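S.K.: Below is the file entry_0.cif, which contains mmCIF, C-alpha atoms.
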data_upload
#
loop_
_atom_site.label_atom_id
_atom_site.label_comp_id
_atom_site.auth_asym_id
_atom_site.auth_seq_id
_atom_site.Cartn_x
_atom_site.Cartn_y
_atom_site.Cartn_z
CA GLU A 1 0.00 0.00 0.00
CA PRO A 2 1.55 3.35 -1.02
CA ARG A 3 2.28 5.81 1.76
CA PRO A 4 1.02 9.37 1.56
CA ASP A 5 3.47 11.98 0.33
CA PHE A 6 3.65 14.85 2.82
CA GLY A 7 6.09 16.89 0.75
CA ASP A 8 8.16 19.17 3.00
CA TYR A 9 5.88 18.57 5.99
CA ASP A 10 7.96 17.25 8.90
CA LEU A 11 6.04 14.24 10.23
CA ARG A 12 7.99 12.07 12.64
CA PHE A 13 7.16 9.16 14.89
CA VAL A 14 9.35 8.98 17.97
CA ASP A 15 9.85 6.20 20.50
CA ASP A 16 11.28 8.35 23.27
CA LEU A 17 9.47 11.28 24.85
CA GLY A 18 12.76 12.96 25.81
CA GLU A 19 13.84 12.90 22.16
CA MET A 20 10.54 14.47 21.07
CA ARG A 21 10.75 17.11 23.79
CA GLN A 22 14.29 18.01 22.68
CA ALA A 23 13.14 18.29 19.05
CA ILE A 24 10.31 20.63 20.12
CA PHE A 25 12.81 22.78 22.07
CA GLU A 26 15.00 22.96 18.94
CA ARG A 27 12.11 23.87 16.61
CA ASP A 28 10.92 26.51 19.08
CA ALA A 29 14.41 28.06 19.23
CA GLU A 30 14.61 28.08 15.41
CA GLU A 31 11.09 29.13 14.43
CA GLY A 32 9.00 29.67 17.56
CA LEU A 33 5.56 28.28 18.37
CA ALA A 34 6.55 24.68 19.00
CA ARG A 35 4.72 22.98 21.87
CA LEU A 36 3.94 19.59 23.37
CA VAL A 37 0.28 18.58 23.52
CA ALA A 38 -1.42 15.39 24.66
CA GLY A 39 -4.70 13.61 24.91
CA TYR A 40 -6.33 13.79 28.31
CA ALA A 41 -5.03 10.42 29.48
CA TRP A 42 -3.33 11.58 32.70
CA ASP A 43 -4.71 13.11 35.88
CA TRP A 44 -4.01 16.81 36.43
CA LYS A 45 -2.21 16.46 39.79
CA SER A 46 -0.23 19.70 39.37
CA ASN A 47 -3.48 21.68 39.41
CA LYS A 48 -3.74 21.09 43.16
CA ASN A 49 -0.06 20.44 43.89
CA PRO A 50 2.28 22.61 41.75
CA ALA A 51 5.24 20.39 42.70
CA ALA A 52 3.56 17.26 41.27
CA TYR A 53 4.13 15.92 37.77
CA ASP A 54 1.24 14.80 35.60
CA ILE A 55 2.81 12.86 32.75
CA GLU A 56 5.76 10.57 33.41
CA LEU A 57 7.10 8.55 30.48
CA ASP A 58 10.59 7.34 29.49
CA GLY A 59 12.12 9.04 32.54
CA VAL A 60 10.63 12.41 31.51
CA SER A 61 8.34 14.19 33.97
CA LEU A 62 5.98 16.86 32.66
CA ARG A 63 3.14 19.02 33.88
CA TRP A 64 -0.10 19.97 32.21
CA ASN A 65 -0.57 23.60 31.21
CA SER A 66 -0.45 26.04 34.14
CA ALA A 67 -2.36 28.74 32.23
CA ALA A 68 -5.93 28.18 31.07
CA LYS A 69 -6.19 31.21 28.79
CA ASP A 70 -3.71 31.75 25.94
CA TRP A 71 -1.49 28.95 27.26
CA ILE A 72 0.58 28.79 24.05
CA ASN A 73 1.85 32.35 24.58
CA SER A 74 2.21 32.12 28.36
CA PRO A 75 5.62 32.00 30.07
CA GLY A 76 6.68 28.43 30.74
CA SER A 77 4.40 26.85 28.13
CA LEU A 78 7.39 25.37 26.30
CA ASN A 79 8.10 23.27 29.41
CA GLU A 80 4.49 22.13 29.81
CA VAL A 81 1.98 20.00 27.93
CA GLY A 82 -1.16 21.50 26.46
CA SER A 83 -4.51 19.74 26.31
CA ILE A 84 -7.37 20.00 23.84
CA HIS A 85 -8.77 22.78 26.04
CA THR A 86 -5.69 24.98 25.51
CA VAL A 87 -4.84 24.38 21.84
CA GLN A 88 -8.16 24.17 20.05
CA GLY A 89 -8.31 27.09 17.61
CA TYR A 90 -4.56 27.76 17.78
CA ASP A 91 -1.97 27.01 15.13
CA LEU A 92 1.58 26.02 16.00
CA ASN A 93 4.60 25.79 13.75
CA TYR A 94 5.42 22.40 15.29
CA ALA A 95 3.36 20.17 17.55
CA GLY A 96 4.70 17.29 19.59
CA VAL A 97 1.64 15.11 20.13
CA VAL A 98 1.46 12.44 22.82
CA ILE A 99 -1.23 9.88 22.02
CA GLY A 100 -1.96 8.46 25.45
CA PRO A 101 -3.05 5.02 26.58
CA ASP A 102 -6.70 6.06 26.14
CA LEU A 103 -6.47 5.21 22.42
CA ARG A 104 -5.34 1.68 21.54
CA LEU A 105 -5.29 -0.69 18.60
CA ASN A 106 -6.56 -4.23 18.93
CA PRO A 107 -3.82 -6.14 17.07
CA ALA A 108 -6.13 -9.10 16.38
CA THR A 109 -8.85 -7.06 14.67
CA GLY A 110 -6.88 -4.00 13.54
CA LYS A 111 -9.61 -1.80 15.07
CA LEU A 112 -9.14 1.22 17.29
CA ARG A 113 -10.53 0.93 20.78
CA ILE A 114 -10.94 3.18 23.78
CA ASP A 115 -9.39 2.43 27.15
CA ARG A 116 -12.07 4.02 29.30
CA ASP A 117 -9.95 3.77 32.46
CA SER A 118 -7.21 5.88 30.84
CA TYR A 119 -9.51 8.71 29.77
CA ARG A 120 -9.14 11.41 32.43
CA ASP A 121 -11.16 14.46 31.31
CA LYS A 122 -13.33 14.98 34.37
CA LYS A 123 -15.10 17.97 32.79
CA GLY A 124 -16.12 15.88 29.79
CA LYS A 125 -17.46 13.17 32.07
CA GLU A 126 -19.25 15.70 34.33
CA ASN A 127 -20.93 17.41 31.37
CA ALA A 128 -22.20 14.08 30.12
CA ARG A 129 -23.79 13.32 33.50
CA LYS A 130 -25.16 16.84 33.86
CA TYR A 131 -27.02 16.50 30.57
CA GLY A 132 -28.19 12.98 31.38
CA ARG A 133 -25.94 11.36 28.80
CA THR A 134 -24.10 8.13 29.07
CA TYR A 135 -21.43 7.49 26.50
CA SER A 136 -21.02 4.05 25.01
CA ASP A 137 -17.50 2.88 24.21
CA ASP A 138 -18.20 3.75 20.55
CA ASP A 139 -19.31 7.28 21.52
CA LEU A 140 -16.25 7.81 23.69
CA LEU A 141 -13.97 6.37 20.98
CA GLN A 142 -15.38 8.86 18.45
CA PHE A 143 -14.93 11.71 20.95
CA VAL A 144 -11.31 10.78 21.73
CA ARG A 145 -10.52 10.27 18.03
CA ASN A 146 -11.83 13.79 17.38
CA ILE A 147 -9.61 15.17 20.16
CA TYR A 148 -6.53 13.54 18.63
CA GLY A 149 -7.66 14.76 15.21
CA VAL A 150 -7.49 18.32 16.53
CA LEU A 151 -4.16 17.81 18.31
CA LEU A 152 -2.57 16.19 15.25
CA THR A 153 -3.55 19.10 13.00
CA ARG A 154 -2.11 21.98 15.07
CA GLY A 155 1.37 21.91 13.53
CA ILE A 156 1.61 23.91 10.30
CA ARG A 157 5.20 22.89 9.47
CA GLY A 158 5.49 19.63 11.32
CA THR A 159 4.09 17.16 13.81
CA TYR A 160 6.06 14.78 15.97
CA VAL A 161 4.07 11.87 17.35
CA TYR A 162 4.68 9.71 20.41
CA VAL A 163 2.21 6.86 20.82
CA CYS A 164 1.89 5.05 24.16
CA ASP A 165 0.22 1.89 22.79
CA PRO A 166 2.88 -0.21 20.98
CA ALA A 167 0.40 -1.80 18.51
CA LEU A 168 -1.03 1.60 17.52
CA ARG A 169 2.48 3.09 17.28
CA GLU A 170 3.60 0.42 14.81
CA HIS A 171 0.37 0.61 12.80
CA LEU A 172 0.65 4.40 12.39
CA ARG A 173 4.35 4.25 11.61
CA ARG A 174 3.81 1.63 8.88
CA ALA A 175 0.89 3.56 7.40
CA LEU A 176 2.35 7.07 7.50
CA ALA A 177 6.09 7.21 8.03
CA ARG A 178 8.36 7.79 5.05
#
Go through the file and emit its structure as structure tokens.
M.R.:
Amino acid sequence: EPRPDFGDYDLRFVDDLGEMRQAIFERDAEEGLARLVAGYAWDWKSNKNPAAYDIELDGVSLRWNSAAKDWINSPGSLNEVGSIHTVQGYDLNYAGVVIGPDLRLNPATGKLRIDRDSYRDKKGKENARKYGRTYSDDDLLQFVRNIYGVLLTRGIRGTYVYVCDPALREHLRRALAR
């Protein structure tokens, strides 16, 4: 199956979060507006305890965004991770996207699935209850896919992707990487 041609667009799949973070630092120093973003698959511990870390992978410890409004332009945002709530409607030059354990690939069927226990957006869950909605796994999968769709389309010049689920990582790399 032929792979898509992205031309000069810088699409990379990375296996190490530290490597992706370093690449985002480099792109930000060169061109500005490079940030890390992630799906809401980790609790926001640093909201109540500023010394706590929220996302810990590959020996890298990161915090969710400390600013709610205009996070991308806030001091310190380069050292933090933005969520869908902070990047929707913004364009970046480069986005480092962490696809969390909430989105997985069933290797036997080749189908995407949601890991409900890994989805951490309390506001999303509260709003559903408030409006008397219950989300099926299919509903939640569509919602989470949409979130990643937004995150993966923030970078105008490039997107670097780190995928927590090994089966999904390999599937995406085979389908999209050059």
S.K.: Give me the residues within 9 Å of Ile114 in chain A as a count of residues only, counting all atoms listed in the file and dropping any in the same chain fewer than 5 places off.
M.R.: 12
S.K.: Selection in question (the file shown): the PyMOL selection byres ((chain A and resi 20-25) around 8). Which residues does it include, as a PyMOL selection string?
M.R.: chain A and resi 14+16-19+26-29+34-36+78+94-96+160-162
S.K.: What separation in Å, quoted to one decimal, exists between CA of Asp5 in chain A and CA of Gly39 in chain A?
M.R.: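 Computed distance, CA of Asp5 in chain A to CA of Gly39 in chain A, equals 26.0 Å.
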S.K.: Using all atoms listed in the file, which protein or nucleic acid residues come within 6 Å of range 48-64 of chain A? Drop anything in the same chain fewer than 2 positions from it, and give the result as a list in words.
M.R.: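 Result of the neighbour search: Trp44, Lys45, Ser46, Glu80 and Val81 of chain A.
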S.K.: Need to verify the contact set: Val37 in chain A, 8 Å, all atoms listed in the file, exclusion of same-chain residues closer than 5 positions in sequence. Can you return it as a ChimeraX atom specification?
M.R.: /A:81-84,87,95-98,151
S.K.: Evaluated on this file, the PyMOL selection byres ((chain A and resi 107-111) around 10) picks out some residues - which ones are they, written as a PDB file with C-alpha atoms, in the frame of the given file?
M.R.:
ATOM      1  CA  ARG A 104      -5.340   1.680  21.540  1.00  0.00           C
ATOM      2  CA  LEU A 105      -5.290  -0.690  18.600  1.00  0.00           C
ATOM      3  CA  ASN A 106      -6.560  -4.230  18.930  1.00  0.00           C
ATOM      4  CA  LEU A 112      -9.140   1.220  17.290  1.00  0.00           C
ATOM      5  CA  ARG A 113     -10.530   0.930  20.780  1.00  0.00           C
ATOM      6  CA  PRO A 166       2.880  -0.210  20.980  1.00  0.00           C
ATOM      7  CA  ALA A 167       0.400  -1.800  18.510  1.00  0.00           C
ATOM      8  CA  LEU A 168      -1.030   1.600  17.520  1.00  0.00           C
ATOM      9  CA  HIS A 171       0.370   0.610  12.800  1.00  0.00           C
TER      10      HIS A 171
END
S.K.: If you apply the PyMOL selection byres ((chain A and resi 71-73) around 9) to this file, what residues do you get, as a ChimeraX atom specification?
M.R.: /A:33-35,65-70,74-78,82,86-87,90,92
S.K.: Between A:Ala175, A:Arg169, A:Arg157, A:Ser136, which is the closest to Gly7 in chain A once you count all atoms listed in the file?
M.R.: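 Checking each candidate against Gly7 in chain A, we get A:Arg157 as the closest.
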